[in-house]
$ cat target-v4.cif   # mmCIF, C-alpha atoms
data_data
#
loop_
_atom_site.group_PDB
_atom_site.id
_atom_site.type_symbol
_atom_site.label_atom_id
_atom_site.label_comp_id
_atom_site.auth_asym_id
_atom_site.auth_seq_id
_atom_site.Cartn_x
_atom_site.Cartn_y
_atom_site.Cartn_z
ATOM 1 C CA MET A 1 119.681 -51.252 -0.737
ATOM 2 C CA TYR A 2 120.719 -54.078 1.525
ATOM 3 C CA PRO A 3 120.233 -53.459 5.259
ATOM 4 C CA THR A 4 123.726 -54.558 6.292
ATOM 5 C CA GLY A 5 124.579 -51.415 8.279
ATOM 6 C CA PRO A 6 123.227 -50.440 11.670
ATOM 7 C CA SER A 7 120.621 -48.103 10.184
ATOM 8 C CA HIS A 8 117.998 -47.871 7.461
ATOM 9 C CA LEU A 9 118.893 -45.787 4.397
ATOM 10 C CA ALA A 10 116.313 -43.726 2.523
ATOM 11 C CA PRO A 11 116.365 -43.467 -1.268
ATOM 12 C CA SER A 12 117.350 -40.142 -2.766
ATOM 13 C CA THR A 13 115.246 -38.303 -5.320
ATOM 14 C CA ALA A 14 118.084 -36.357 -6.995
ATOM 15 C CA PRO A 15 118.214 -36.887 -10.778
ATOM 16 C CA SER A 16 121.340 -38.133 -12.477
ATOM 17 C CA THR A 17 122.899 -35.855 -15.078
ATOM 18 C CA ALA A 18 126.327 -37.469 -15.374
ATOM 19 C CA PRO A 19 127.267 -39.465 -18.483
ATOM 20 C CA SER A 20 126.874 -43.206 -18.061
ATOM 21 C CA THR A 21 130.024 -45.100 -17.134
ATOM 22 C CA ALA A 22 128.249 -48.085 -15.604
ATOM 23 C CA PRO A 23 129.200 -51.471 -17.066
ATOM 24 C CA SER A 24 126.802 -52.788 -19.697
ATOM 25 C CA THR A 25 126.153 -55.823 -21.840
ATOM 26 C CA ALA A 26 124.134 -56.407 -24.995
ATOM 27 C CA ALA A 27 121.173 -56.947 -22.655
ATOM 28 C CA GLY A 28 121.629 -53.479 -21.072
ATOM 29 C CA PRO A 29 123.367 -52.001 -18.035
ATOM 30 C CA VAL A 30 124.750 -54.336 -15.393
ATOM 31 C CA PRO A 31 123.177 -53.577 -11.986
ATOM 32 C CA SER A 32 125.707 -52.087 -9.588
ATOM 33 C CA ARG A 33 126.047 -50.880 -6.019
ATOM 34 C CA THR A 34 128.325 -48.785 -3.851
ATOM 35 C CA LEU A 35 129.761 -49.806 -0.486
ATOM 36 C CA VAL A 36 130.409 -47.343 2.328
ATOM 37 C CA HIS A 37 132.490 -48.619 5.261
ATOM 38 C CA LEU A 38 133.169 -47.156 8.686
ATOM 39 C CA GLY A 39 135.191 -49.541 10.785
ATOM 40 C CA ARG A 40 133.461 -52.898 10.691
ATOM 41 C CA HIS A 41 130.086 -51.421 9.675
ATOM 42 C CA ARG A 42 128.996 -51.474 6.043
ATOM 43 C CA TRP A 43 126.217 -49.739 4.108
ATOM 44 C CA VAL A 44 125.212 -50.873 0.616
ATOM 45 C CA LEU A 45 123.767 -48.255 -1.723
ATOM 46 C CA GLU A 46 121.758 -49.051 -4.829
ATOM 47 C CA PRO A 47 121.495 -46.411 -7.587
ATOM 48 C CA GLY A 48 119.496 -43.425 -6.336
ATOM 49 C CA GLN A 49 120.214 -44.040 -2.656
ATOM 50 C CA SER A 50 122.208 -41.920 -0.241
ATOM 51 C CA VAL A 51 123.605 -42.118 3.259
ATOM 52 C CA SER A 52 124.139 -39.165 5.606
ATOM 53 C CA PHE A 53 126.940 -38.943 8.159
ATOM 54 C CA GLY A 54 127.704 -36.827 11.215
ATOM 55 C CA ARG A 55 127.336 -36.865 14.988
ATOM 56 C CA GLY A 56 123.591 -36.087 15.047
ATOM 57 C CA SER A 57 120.985 -38.772 15.752
ATOM 58 C CA PRO A 58 119.145 -38.332 12.420
ATOM 59 C CA CYS A 59 122.289 -39.355 10.469
ATOM 60 C CA ASP A 60 122.484 -42.820 8.925
ATOM 61 C CA ILE A 61 126.163 -43.099 9.896
ATOM 62 C CA ARG A 62 126.760 -41.680 13.374
ATOM 63 C CA ILE A 63 130.311 -40.642 14.111
ATOM 64 C CA ALA A 64 131.881 -38.664 16.931
ATOM 65 C CA HIS A 65 128.816 -39.016 19.160
ATOM 66 C CA ASP A 66 130.098 -41.279 21.942
ATOM 67 C CA PRO A 67 131.975 -39.479 23.355
ATOM 68 C CA VAL A 68 130.773 -36.278 21.705
ATOM 69 C CA ASP A 69 133.331 -34.540 19.489
ATOM 70 C CA ASP A 70 131.830 -31.113 18.843
ATOM 71 C CA HIS A 71 134.372 -30.424 16.094
ATOM 72 C CA VAL A 72 132.325 -32.769 13.893
ATOM 73 C CA SER A 73 129.074 -31.319 12.548
ATOM 74 C CA ARG A 74 125.742 -32.842 13.537
ATOM 75 C CA ARG A 75 125.141 -33.476 9.823
ATOM 76 C CA ALA A 76 128.563 -33.362 8.186
ATOM 77 C CA GLY A 77 127.681 -34.689 4.758
ATOM 78 C CA VAL A 78 126.031 -37.110 2.375
ATOM 79 C CA VAL A 79 127.317 -39.811 0.027
ATOM 80 C CA GLU A 80 124.880 -40.322 -2.839
ATOM 81 C CA TYR A 81 125.099 -43.075 -5.462
ATOM 82 C CA LEU A 82 123.646 -42.014 -8.812
ATOM 83 C CA GLY A 83 124.284 -45.307 -10.601
ATOM 84 C CA GLU A 84 127.148 -44.085 -12.730
ATOM 85 C CA ASP A 85 128.751 -41.695 -10.249
ATOM 86 C CA VAL A 86 128.975 -40.946 -6.547
ATOM 87 C CA VAL A 87 128.436 -37.425 -5.211
ATOM 88 C CA VAL A 88 129.931 -36.359 -1.883
ATOM 89 C CA ARG A 89 128.177 -33.321 -0.437
ATOM 90 C CA ASN A 90 129.428 -31.287 2.541
ATOM 91 C CA GLU A 91 126.396 -30.254 4.584
ATOM 92 C CA SER A 92 128.351 -28.627 7.398
ATOM 93 C CA ALA A 93 128.143 -24.869 7.879
ATOM 94 C CA THR A 94 131.756 -24.547 9.061
ATOM 95 C CA ARG A 95 133.834 -27.732 8.676
ATOM 96 C CA THR A 96 135.604 -29.104 5.603
ATOM 97 C CA LEU A 97 135.727 -32.682 4.332
ATOM 98 C CA ILE A 98 138.705 -34.271 2.595
ATOM 99 C CA PHE A 99 138.145 -36.402 -0.531
ATOM 100 C CA SER A 100 141.113 -38.758 -0.898
ATOM 101 C CA PRO A 101 141.100 -41.074 -3.940
ATOM 102 C CA ALA A 102 143.081 -44.319 -3.943
ATOM 103 C CA ARG A 103 145.109 -42.790 -6.800
ATOM 104 C CA GLY A 104 145.235 -39.074 -7.414
ATOM 105 C CA THR A 105 145.190 -35.810 -5.549
ATOM 106 C CA GLU A 106 143.283 -35.081 -2.356
ATOM 107 C CA ARG A 107 140.584 -32.436 -2.635
ATOM 108 C CA VAL A 108 139.021 -30.245 0.020
ATOM 109 C CA ILE A 109 135.215 -30.100 0.026
ATOM 110 C CA ARG A 110 134.225 -26.811 1.605
ATOM 111 C CA PRO A 111 130.948 -26.232 3.486
ATOM 112 C CA GLY A 112 128.014 -26.289 1.071
ATOM 113 C CA GLU A 113 130.064 -27.778 -1.795
ATOM 114 C CA ALA A 114 129.606 -31.105 -3.561
ATOM 115 C CA ILE A 115 131.954 -33.081 -5.801
ATOM 116 C CA THR A 116 131.672 -36.177 -7.956
ATOM 117 C CA CYS A 117 134.032 -39.099 -7.565
ATOM 118 C CA LEU A 118 134.701 -39.656 -11.254
ATOM 119 C CA PRO A 119 137.044 -41.005 -12.467
ATOM 120 C CA HIS A 120 137.789 -42.543 -9.048
ATOM 121 C CA ARG A 121 135.952 -45.657 -7.888
ATOM 122 C CA GLU A 122 137.728 -46.076 -4.534
ATOM 123 C CA PHE A 123 138.152 -43.163 -2.172
ATOM 124 C CA LEU A 124 138.078 -41.974 1.423
ATOM 125 C CA VAL A 125 136.055 -39.151 2.931
ATOM 126 C CA ALA A 126 137.778 -37.799 6.043
ATOM 127 C CA LEU A 127 136.602 -35.435 8.769
ATOM 128 C CA SER A 128 138.827 -33.847 11.394
ATOM 129 C CA GLY A 129 137.791 -33.890 15.016
ATOM 130 C CA ARG A 130 139.000 -32.396 18.265
ATOM 131 C CA GLY A 131 142.606 -32.932 19.290
ATOM 132 C CA GLY A 132 143.799 -34.208 15.919
ATOM 133 C CA SER A 133 141.350 -37.105 15.739
ATOM 134 C CA HIS A 134 140.082 -38.202 12.319
ATOM 135 C CA TYR A 135 136.992 -40.051 11.159
ATOM 136 C CA VAL A 136 137.228 -41.814 7.806
ATOM 137 C CA LEU A 137 134.579 -43.322 5.522
ATOM 138 C CA GLN A 138 135.836 -45.760 2.880
ATOM 139 C CA VAL A 139 133.790 -45.775 -0.355
ATOM 140 C CA THR A 140 133.948 -48.280 -3.223
ATOM 141 C CA ALA A 141 131.682 -47.378 -6.132
ATOM 142 C CA GLY A 142 130.237 -49.252 -9.082
ATOM 143 C CA LEU A 143 130.596 -52.815 -7.825
ATOM 144 C CA PRO A 144 128.517 -55.507 -9.559
ATOM 145 C CA ALA A 145 125.275 -56.137 -7.674
ATOM 146 C CA GLU A 146 124.870 -59.461 -5.919
ATOM 147 C CA ASP A 147 121.981 -61.628 -7.024
#
$ encode --input "target-v4.cif" --output "structure tokens"
Amino acid sequence: MYPTGPSHLAPSTAPSTAPSTAPSTAAGPVPSRTLVHLGRHRWVLEPGQSVSFGRGSPCDIRIAHDPVDDHVSRRAGVVEYLGEDVVVRNESATRTLIFSPARGTERVIRPGEAITCLPHREFLVALSGRGGSHYVLQVTAGLPAED
């Protein structure tokens, strides 16, 4: 993980069970990373790392906290990079998330549900706030790692 965002990201311990789609060469898999953007802020995830988002102070990506938008959960969700796939998990008890791929059909992620991004490598995760406001994370998965 590269500390380019405004917070420190902790590695995840969840095992990967998805089939490998990461690029590879004769020498083995090519290292990759996933970028998560919110406005001008950027978080870089290495395989096995995750980033949480919501309005609560323990979240890596704080949204809807200044001013407080109580329609956004304190811990709305998590984006986790498994190396060959990205999992988006809704950790809210009451609010939905919208998964919107660059190409394809939007999907609703209900409270407690998780989805994988495959086959999509570019997608948005949107949350609705009070008064029709929206908060959007932009995710680009499987980019070659910088040396």
$ closest_residue --input "target-v4.cif" --among "A:Glu106, A:Asp60, A:Glu84, A:Asp66" --to "A:Leu118" --atoms "only C-alpha atoms"
A:Glu84
$ resolve_selection --input "target-v4.cif" --expression "the PyMOL selection byres ((chain A and resi 98) around 9)" --output "JSON, numbers by chain"
{"A": [96, 97, 99, 100, 106, 107, 108, 109, 110, 124, 125, 126, 127, 128]}
$ residues_around --input "target-v4.cif" --residues "A:Gly142" --least-positions-apart "5" --cutoff "10 Å" --atoms "all atoms listed in the file" --output "ChimeraX atom specification"
/A:21-23,30-35,45-47,81-86,121-122
$ resolve_selection --input "target-v4.cif" --expression "the PyMOL selection byres ((chain A and resi 120) around 9)" --output "ChimeraX atom specification"
/A:101-104,116-119,121-123,141
$ atom_distance --input "target-v4.cif" --atom1 "atom CA of A:Arg40" --atom2 "atom CA of A:Val139"
13.1 Å
$ closest_residue --input "target-v4.cif" --among "A:Ile115, A:Val36, A:Val136, A:Leu143" --to "A:Val72" --atoms "all atoms listed in the file"
A:Val136
$ atom_distance --input "target-v4.cif" --atom1 "atom CA of A:Ala64" --atom2 "atom CA of A:Gly112"
20.5 Å
$ resolve_selection --input "target-v4.cif" --expression "the PyMOL selection byres ((chain A and resi 37) around 6)" --output "PyMOL selection string"
chain A and resi 36+38+41-42+137-138
$ closest_residue --input "target-v4.cif" --among "A:Val44, A:Val78, A:Gly39, A:Ser57" --to "A:Thr140" --atoms "all atoms listed in the file"
A:Val44
$ atom_distance --input "target-v4.cif" --atom1 "atom CA of A:Glu80" --atom2 "atom CA of A:Gly131"
29.3 Å
$ decode --input "target-v4.cif" --residues "stretch 122-146 of chain A" --atoms "C-alpha atoms" --output "PDB file, in the first residue's frame"
ATOM      1  CA  GLU A 122     -13.627   0.202 -13.459  1.00  0.00           C
ATOM      2  CA  PHE A 123     -16.676   1.000 -11.383  1.00  0.00           C
ATOM      3  CA  LEU A 124     -18.332   3.446  -9.012  1.00  0.00           C
ATOM      4  CA  VAL A 125     -19.731   2.797  -5.554  1.00  0.00           C
ATOM      5  CA  ALA A 126     -22.443   5.334  -4.722  1.00  0.00           C
ATOM      6  CA  LEU A 127     -24.217   6.178  -1.476  1.00  0.00           C
ATOM      7  CA  SER A 128     -27.302   8.360  -1.174  1.00  0.00           C
ATOM      8  CA  GLY A 129     -27.436  11.078   1.431  1.00  0.00           C
ATOM      9  CA  ARG A 130     -29.996  13.503   2.779  1.00  0.00           C
ATOM     10  CA  GLY A 131     -31.849  15.740   0.350  1.00  0.00           C
ATOM     11  CA  GLY A 132     -30.811  13.873  -2.790  1.00  0.00           C
ATOM     12  CA  SER A 133     -27.076  14.252  -2.219  1.00  0.00           C
ATOM     13  CA  HIS A 134     -24.761  11.487  -3.447  1.00  0.00           C
ATOM     14  CA  TYR A 135     -21.284  10.373  -2.457  1.00  0.00           C
ATOM     15  CA  VAL A 136     -19.316   8.438  -5.064  1.00  0.00           C
ATOM     16  CA  LEU A 137     -16.124   6.371  -4.838  1.00  0.00           C
ATOM     17  CA  GLN A 138     -14.355   5.657  -8.133  1.00  0.00           C
ATOM     18  CA  VAL A 139     -12.492   2.314  -8.233  1.00  0.00           C
ATOM     19  CA  THR A 140      -9.993   1.094 -10.839  1.00  0.00           C
ATOM     20  CA  ALA A 141      -8.801  -2.458 -10.229  1.00  0.00           C
ATOM     21  CA  GLY A 142      -5.868  -4.537 -11.404  1.00  0.00           C
ATOM     22  CA  LEU A 143      -3.513  -1.771 -12.504  1.00  0.00           C
ATOM     23  CA  PRO A 144       0.175  -2.667 -12.918  1.00  0.00           C
ATOM     24  CA  ALA A 145       2.133  -1.833  -9.766  1.00  0.00           C
ATOM     25  CA  GLU A 146       4.631   1.000  -9.936  1.00  0.00           C
TER      26      GLU A 146
END
